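Next comes start_18.cif, with mmCIF, C-alpha atoms.
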```cif
data_start
#
loop_
_atom_site.group_PDB
_atom_site.id
_atom_site.type_symbol
_atom_site.label_atom_id
_atom_site.label_comp_id
_atom_site.auth_asym_id
_atom_site.auth_seq_id
_atom_site.Cartn_x
_atom_site.Cartn_y
_atom_site.Cartn_z
ATOM 1 C CA MET H 288 -25.807 -10.655 4.592
ATOM 2 C CA LEU H 289 -27.707 -9.651 1.503
ATOM 3 C CA THR H 290 -29.934 -11.956 -0.476
ATOM 4 C CA GLU H 291 -31.281 -11.916 -4.004
ATOM 5 C CA LYS H 292 -34.454 -10.355 -2.561
ATOM 6 C CA ASP H 293 -32.431 -7.238 -1.704
ATOM 7 C CA PHE H 294 -31.287 -6.763 -5.324
ATOM 8 C CA ASP H 295 -34.322 -4.740 -6.500
ATOM 9 C CA GLY H 296 -34.052 -2.352 -3.568
ATOM 10 C CA ILE H 297 -30.340 -1.847 -4.153
ATOM 11 C CA ILE H 298 -30.898 -1.036 -7.820
ATOM 12 C CA LYS H 299 -33.804 1.304 -7.046
ATOM 13 C CA GLU H 300 -31.685 3.196 -4.541
ATOM 14 C CA TYR H 301 -28.312 3.267 -6.323
ATOM 15 C CA GLY H 302 -29.043 2.462 -9.976
ATOM 16 C CA ARG H 303 -29.035 6.057 -11.238
ATOM 17 C CA SER H 304 -25.723 6.780 -9.554
ATOM 18 C CA LEU H 305 -24.176 3.559 -10.897
ATOM 19 C CA ARG H 306 -25.346 4.391 -14.433
ATOM 20 C CA THR H 307 -23.886 7.921 -14.117
ATOM 21 C CA ILE H 308 -20.527 6.467 -13.101
ATOM 22 C CA CYS H 309 -20.533 4.208 -16.165
ATOM 23 C CA ILE H 310 -21.492 7.058 -18.509
ATOM 24 C CA ASN H 311 -18.923 9.494 -17.100
ATOM 25 C CA LEU H 312 -16.065 7.027 -17.199
ATOM 26 C CA LEU H 313 -16.854 5.577 -20.622
ATOM 27 C CA HIS H 314 -18.132 8.702 -22.458
ATOM 28 C CA ASP H 315 -20.213 6.530 -24.785
ATOM 29 C CA THR H 316 -23.824 5.870 -23.877
ATOM 30 C CA SER H 317 -24.151 2.513 -25.641
ATOM 31 C CA ASN H 318 -20.905 1.161 -24.158
ATOM 32 C CA ALA H 319 -21.866 2.618 -20.790
ATOM 33 C CA GLU H 320 -25.198 0.782 -20.921
ATOM 34 C CA ASP H 321 -23.361 -2.478 -21.684
ATOM 35 C CA VAL H 322 -21.008 -1.883 -18.760
ATOM 36 C CA TYR H 323 -23.961 -0.919 -16.539
ATOM 37 C CA GLN H 324 -25.539 -4.285 -17.373
ATOM 38 C CA GLU H 325 -22.236 -5.965 -16.446
ATOM 39 C CA VAL H 326 -22.329 -4.067 -13.137
ATOM 40 C CA LEU H 327 -25.868 -5.289 -12.416
ATOM 41 C CA LEU H 328 -24.888 -8.847 -13.287
ATOM 42 C CA LYS H 329 -21.818 -8.699 -11.049
ATOM 43 C CA ILE H 330 -23.897 -7.335 -8.163
ATOM 44 C CA TRP H 331 -26.498 -10.087 -8.723
ATOM 45 C CA LYS H 332 -23.866 -12.834 -8.840
ATOM 46 C CA ASN H 333 -22.008 -11.575 -5.762
ATOM 47 C CA ILE H 334 -24.877 -10.367 -3.585
ATOM 48 C CA GLY H 335 -24.638 -13.434 -1.377
ATOM 49 C CA SER H 336 -20.950 -12.812 -0.732
ATOM 50 C CA PHE H 337 -21.430 -9.256 0.593
ATOM 51 C CA ARG H 338 -19.718 -9.354 3.996
ATOM 52 C CA GLY H 339 -20.890 -6.014 5.348
ATOM 53 C CA GLU H 340 -17.351 -4.691 5.831
ATOM 54 C CA SER H 341 -18.486 -1.510 4.074
ATOM 55 C CA SER H 342 -21.855 0.045 3.332
ATOM 56 C CA VAL H 343 -23.946 -1.373 0.507
ATOM 57 C CA LYS H 344 -23.525 1.963 -1.305
ATOM 58 C CA THR H 345 -19.722 1.698 -1.129
ATOM 59 C CA TRP H 346 -19.777 -1.955 -2.187
ATOM 60 C CA VAL H 347 -21.965 -1.462 -5.281
ATOM 61 C CA THR H 348 -20.158 1.741 -6.278
ATOM 62 C CA ARG H 349 -16.796 0.032 -6.041
ATOM 63 C CA ILE H 350 -18.121 -2.698 -8.336
ATOM 64 C CA ALA H 351 -19.334 -0.030 -10.785
ATOM 65 C CA VAL H 352 -16.033 1.867 -10.779
ATOM 66 C CA ASN H 353 -13.968 -1.307 -11.223
ATOM 67 C CA VAL H 354 -16.178 -2.682 -14.017
ATOM 68 C CA ALA H 355 -16.284 0.740 -15.744
ATOM 69 C CA ILE H 356 -12.491 1.111 -15.599
ATOM 70 C CA THR H 357 -12.134 -2.404 -16.993
ATOM 71 C CA GLY H 358 -14.564 -1.425 -19.768
ATOM 72 C CA LEU H 359 -12.628 1.783 -20.397
ATOM 73 C CA ASN H 360 -9.369 -0.124 -20.675
ATOM 74 C CA ARG H 361 -11.065 -2.535 -23.074
ATOM 75 C CA GLU H 362 -12.201 0.412 -25.214
ATOM 76 C CA LYS H 363 -8.746 1.997 -25.143
ATOM 77 C CA LYS H 364 -7.318 -1.243 -26.460
ATOM 78 C CA LYS H 365 -9.789 -1.097 -29.316
ATOM 79 C CA LYS H 366 -8.604 2.484 -29.903
ATOM 80 C CA LYS H 367 -12.084 3.895 -30.149
ATOM 81 C CA ILE H 368 -12.684 7.622 -30.187
ATOM 82 C CA PHE H 369 -14.460 8.766 -27.051
ATOM 83 C CA LEU H 370 -17.619 10.818 -27.154
ATOM 84 C CA PRO H 371 -18.217 13.878 -24.968
ATOM 85 C CA LEU H 372 -18.650 13.691 -21.215
ATOM 86 C CA PHE H 373 -22.256 14.813 -21.386
ATOM 87 C CA PRO H 374 -24.217 12.535 -23.719
ATOM 88 C CA ALA H 375 -27.300 13.799 -25.531
ATOM 89 C CA GLU H 376 -29.755 12.725 -22.836
ATOM 90 C CA ARG H 377 -27.977 14.878 -20.265
ATOM 91 C CA LYS H 378 -29.416 18.334 -20.720
ATOM 92 C CA ILE H 379 -27.491 21.516 -20.086
ATOM 93 C CA PRO H 380 -29.608 23.855 -17.942
ATOM 94 C CA SER H 381 -31.655 26.162 -20.124
ATOM 95 C CA THR H 382 -31.940 29.893 -19.727
ATOM 96 C CA ASP H 383 -33.655 32.703 -21.583
ATOM 97 C CA ASP H 384 -30.598 34.927 -21.208
ATOM 98 C CA PRO H 385 -28.340 34.438 -24.289
ATOM 99 C CA GLY H 386 -25.268 35.669 -22.379
ATOM 100 C CA LYS H 387 -25.885 33.197 -19.563
ATOM 101 C CA ALA H 388 -26.480 30.378 -22.075
ATOM 102 C CA ALA H 389 -23.152 31.130 -23.772
ATOM 103 C CA GLU H 390 -21.399 31.178 -20.392
ATOM 104 C CA ILE H 391 -22.921 27.819 -19.394
ATOM 105 C CA SER H 392 -21.995 26.313 -22.757
ATOM 106 C CA GLN H 393 -18.422 27.588 -22.435
ATOM 107 C CA LYS H 394 -18.092 26.077 -18.953
ATOM 108 C CA VAL H 395 -19.498 22.716 -20.061
ATOM 109 C CA GLU H 396 -17.108 22.559 -23.034
ATOM 110 C CA PHE H 397 -14.193 23.492 -20.786
ATOM 111 C CA PHE H 398 -15.092 20.781 -18.283
ATOM 112 C CA LYS H 399 -15.465 18.136 -21.024
ATOM 113 C CA LYS H 400 -11.949 18.905 -22.268
ATOM 114 C CA PHE H 401 -10.564 19.072 -18.737
ATOM 115 C CA PHE H 402 -12.184 15.753 -17.783
ATOM 116 C CA GLN H 403 -10.602 14.002 -20.780
ATOM 117 C CA THR H 404 -7.119 14.946 -19.532
ATOM 118 C CA LEU H 405 -7.587 13.147 -16.204
ATOM 119 C CA SER H 406 -6.355 9.685 -15.253
ATOM 120 C CA ASP H 407 -8.912 6.920 -14.681
ATOM 121 C CA THR H 408 -8.610 7.346 -10.903
ATOM 122 C CA GLU H 409 -9.070 11.114 -11.176
ATOM 123 C CA LYS H 410 -12.121 10.615 -13.394
ATOM 124 C CA ALA H 411 -13.578 8.241 -10.820
ATOM 125 C CA LEU H 412 -12.922 10.725 -7.999
ATOM 126 C CA VAL H 413 -14.494 13.623 -9.920
ATOM 127 C CA THR H 414 -17.543 11.527 -10.775
ATOM 128 C CA LEU H 415 -17.964 10.380 -7.171
ATOM 129 C CA TYR H 416 -17.467 13.936 -5.903
ATOM 130 C CA LEU H 417 -20.101 15.267 -8.305
ATOM 131 C CA GLU H 418 -22.438 12.477 -7.174
ATOM 132 C CA GLU H 419 -21.893 13.773 -3.610
ATOM 133 C CA TYR H 420 -20.180 10.711 -2.148
ATOM 134 C CA THR H 421 -18.405 11.307 1.157
ATOM 135 C CA THR H 422 -14.625 11.166 1.441
ATOM 136 C CA ALA H 423 -14.937 7.910 3.379
ATOM 137 C CA GLU H 424 -17.126 6.392 0.664
ATOM 138 C CA MET H 425 -14.729 7.533 -2.085
ATOM 139 C CA ALA H 426 -11.821 6.008 -0.155
ATOM 140 C CA GLY H 427 -13.660 2.698 0.219
ATOM 141 C CA ILE H 428 -14.571 2.644 -3.451
ATOM 142 C CA THR H 429 -11.186 3.599 -4.888
ATOM 143 C CA GLY H 430 -8.974 1.853 -2.349
ATOM 144 C CA LEU H 431 -7.240 5.153 -1.496
ATOM 145 C CA THR H 432 -6.956 6.471 2.046
ATOM 146 C CA GLU H 433 -9.366 9.203 3.109
ATOM 147 C CA ALA H 434 -6.442 11.613 3.432
ATOM 148 C CA ASN H 435 -5.298 10.792 -0.089
ATOM 149 C CA VAL H 436 -8.834 11.300 -1.443
ATOM 150 C CA ARG H 437 -9.021 14.724 0.242
ATOM 151 C CA VAL H 438 -5.607 15.716 -1.142
ATOM 152 C CA ARG H 439 -6.458 14.544 -4.657
ATOM 153 C CA ILE H 440 -9.846 16.298 -4.653
ATOM 154 C CA HIS H 441 -8.175 19.483 -3.415
ATOM 155 C CA ARG H 442 -5.504 19.266 -6.135
ATOM 156 C CA LEU H 443 -8.148 18.622 -8.790
ATOM 157 C CA LYS H 444 -10.075 21.708 -7.654
ATOM 158 C CA LEU H 445 -6.895 23.782 -7.871
ATOM 159 C CA LYS H 446 -6.065 22.324 -11.269
ATOM 160 C CA VAL H 447 -9.499 23.056 -12.736
ATOM 161 C CA LYS H 448 -9.369 26.601 -11.332
ATOM 162 C CA GLU H 449 -5.869 27.202 -12.736
ATOM 163 C CA ASP H 450 -6.795 25.773 -16.145
ATOM 164 C CA TRP H 451 -9.938 27.931 -16.259
ATOM 165 C CA GLU H 452 -8.043 31.072 -15.303
ATOM 166 C CA ARG H 453 -5.250 30.343 -17.781
ATOM 167 C CA ASN H 454 -7.602 29.697 -20.684
ATOM 168 C CA TYR H 455 -10.582 31.985 -20.039
ATOM 169 C CA GLU H 456 -9.851 34.628 -17.402
ATOM 170 C CA SER H 457 -6.907 36.076 -19.333
ATOM 171 C CA ARG H 458 -9.040 36.784 -22.406
#
```
Write the structure described by the file as structure tokens, please.
Amino acid sequence: MLTEKDFDGIIKEYGRSLRTICINLLHDTSNAEDVYQEVLLKIWKNIGSFRGESSVKTWVTRIAVNVAITGLNREKKKKKIFLPLFPAERKIPSTDDPGKAAEISQKVEFFKKFFQTLSDTEKALVTLYLEEYTTAEMAGITGLTEANVRVRIHRLKLKVKEDWERNYESR
């Protein structure tokens, strides 16, 4: 059982990942920060009720995904225009090679557009995959089976490859 004393350690260990989930799902840094604060508050309020049926990482990430999706649905209802996947504070890797820089920029723009076409569950899976969560952790967080997570990740990889080839390889 966790106590309020464990809260700081949890946030130190998982805070960056939780913030990334909020940013990637909401696309808007200020709204993501608000949702991140909601996540922290929900963890704080429920820390005593953690039953240990999953890992702490899975528990806090599931809270983050659920709160972020709720925040996303709230924003959709307000019909706000979403900002890009990579906010200003996320830097694209720099390079001295202009050709390489153009290639990186093209790939980032492609992925932003691709990401916007995904369902909320797919966005959550992609974010968790990019944050290097295991299949078991993703299943615990999303409520999907491990087999379903593997299938969906595989299909998403195929879809991104096909979209890339259709839009950029044929040029």
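You can rank H:Lys410, H:Arg453, H:Arg303, H:Lys329 by their closest distance to Arg439 (chain H) using only C-alpha atoms, and at the top of that list sits H:Lys410.
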Result set, the PyMOL selection byres ((chain H and resi 437) around 12) on current file, as number ranges by chain = H: 409, 412-413, 416, 421-426, 431-436, 438-444
Can you give me, as a short mmCIF file (atom, residue, chain, number, x, y, z; two decimals) with C-alpha atoms, keeping the file's coordinate frame, the residues this file yields under the PyMOL selection byres ((chain H and resi 297) around 12)?
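So the final result, stored in out-v1.cif, reads:
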```
data_model
loop_
_atom_site.label_atom_id
_atom_site.label_comp_id
_atom_site.auth_asym_id
_atom_site.auth_seq_id
_atom_site.Cartn_x
_atom_site.Cartn_y
_atom_site.Cartn_z
CA LEU H 289 -27.71 -9.65 1.50
CA THR H 290 -29.93 -11.96 -0.48
CA GLU H 291 -31.28 -11.92 -4.00
CA LYS H 292 -34.45 -10.36 -2.56
CA ASP H 293 -32.43 -7.24 -1.70
CA PHE H 294 -31.29 -6.76 -5.32
CA ASP H 295 -34.32 -4.74 -6.50
CA GLY H 296 -34.05 -2.35 -3.57
CA ILE H 298 -30.90 -1.04 -7.82
CA LYS H 299 -33.80 1.30 -7.05
CA GLU H 300 -31.68 3.20 -4.54
CA TYR H 301 -28.31 3.27 -6.32
CA GLY H 302 -29.04 2.46 -9.98
CA ARG H 303 -29.04 6.06 -11.24
CA SER H 304 -25.72 6.78 -9.55
CA LEU H 305 -24.18 3.56 -10.90
CA LEU H 327 -25.87 -5.29 -12.42
CA ILE H 330 -23.90 -7.34 -8.16
CA TRP H 331 -26.50 -10.09 -8.72
CA ILE H 334 -24.88 -10.37 -3.58
CA SER H 342 -21.86 0.04 3.33
CA VAL H 343 -23.95 -1.37 0.51
CA LYS H 344 -23.52 1.96 -1.30
CA THR H 345 -19.72 1.70 -1.13
CA TRP H 346 -19.78 -1.96 -2.19
CA VAL H 347 -21.96 -1.46 -5.28
CA THR H 348 -20.16 1.74 -6.28
#
```
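The spacing separating CA of Leu359 (chain H) from CA of Ala411 (chain H) amounts to 11.6 Å.
The smallest atom-to-atom distance between Gln393 (chain H) and any of H:Asn333, H:Val326, H:Glu320, H:Trp451, using only C-alpha atoms, is found for H:Trp451.
The nearest approach to Ile308 (chain H) among the residues H:Lys400, H:Ile350, H:Lys448, H:Ala388, with all atoms listed in the file taken into account, belongs to H:Ile350.
Across the structure, CA of Tyr420 (chain H) and CA of Leu312 (chain H) are spaced 16.0 Å apart.
Residue nearest Gly339 (chain H) within the list H:Ala389, H:Met288, H:Val354, H:Ala319: H:Met288 [criterion: smallest interatomic distance, all atoms listed in the file].
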Coordinates-based distance that separates CA of Leu415 (chain H) from CA of Thr429 (chain H) (Å, one decimal) | 9.9 Å
Missing atoms in region 342-357 of chain H should be modelled up to N, CA and C atoms and reported as a compact mmCIF listing (two decimals), in the frame of the given file.
```txt
# COMPACT_ATOMS: atom_id res chain seq x y z
N SER H 342 -20.42 -0.15 3.58
CA SER H 342 -21.86 0.04 3.33
C SER H 342 -22.22 -0.57 1.99
N VAL H 343 -23.48 -0.84 1.79
CA VAL H 343 -23.95 -1.37 0.51
C VAL H 343 -23.62 -0.37 -0.61
N LYS H 344 -23.81 0.91 -0.31
CA LYS H 344 -23.52 1.96 -1.30
C LYS H 344 -22.07 1.90 -1.75
N THR H 345 -21.15 1.79 -0.80
CA THR H 345 -19.72 1.70 -1.13
C THR H 345 -19.43 0.43 -1.92
N TRP H 346 -20.01 -0.67 -1.52
CA TRP H 346 -19.78 -1.96 -2.19
C TRP H 346 -20.23 -1.91 -3.65
N VAL H 347 -21.46 -1.46 -3.91
CA VAL H 347 -21.96 -1.46 -5.28
C VAL H 347 -21.25 -0.42 -6.13
N THR H 348 -20.87 0.71 -5.52
CA THR H 348 -20.16 1.74 -6.28
C THR H 348 -18.77 1.27 -6.64
N ARG H 349 -18.13 0.57 -5.73
CA ARG H 349 -16.80 0.03 -6.04
C ARG H 349 -16.88 -0.96 -7.20
N ILE H 350 -17.91 -1.78 -7.21
CA ILE H 350 -18.12 -2.70 -8.34
C ILE H 350 -18.28 -1.89 -9.62
N ALA H 351 -19.09 -0.84 -9.59
CA ALA H 351 -19.33 -0.03 -10.78
C ALA H 351 -18.05 0.63 -11.28
N VAL H 352 -17.28 1.21 -10.38
CA VAL H 352 -16.03 1.87 -10.78
C VAL H 352 -15.07 0.85 -11.38
N ASN H 353 -14.90 -0.29 -10.72
CA ASN H 353 -13.97 -1.31 -11.22
C ASN H 353 -14.40 -1.86 -12.58
N VAL H 354 -15.68 -2.15 -12.73
CA VAL H 354 -16.18 -2.68 -14.02
C VAL H 354 -16.06 -1.61 -15.10
N ALA H 355 -16.37 -0.35 -14.76
CA ALA H 355 -16.28 0.74 -15.74
C ALA H 355 -14.84 0.97 -16.17
N ILE H 356 -13.90 0.93 -15.24
CA ILE H 356 -12.49 1.11 -15.60
C ILE H 356 -12.01 -0.05 -16.46
N THR H 357 -12.46 -1.25 -16.14
CA THR H 357 -12.13 -2.40 -16.99
C THR H 357 -12.71 -2.20 -18.39
```
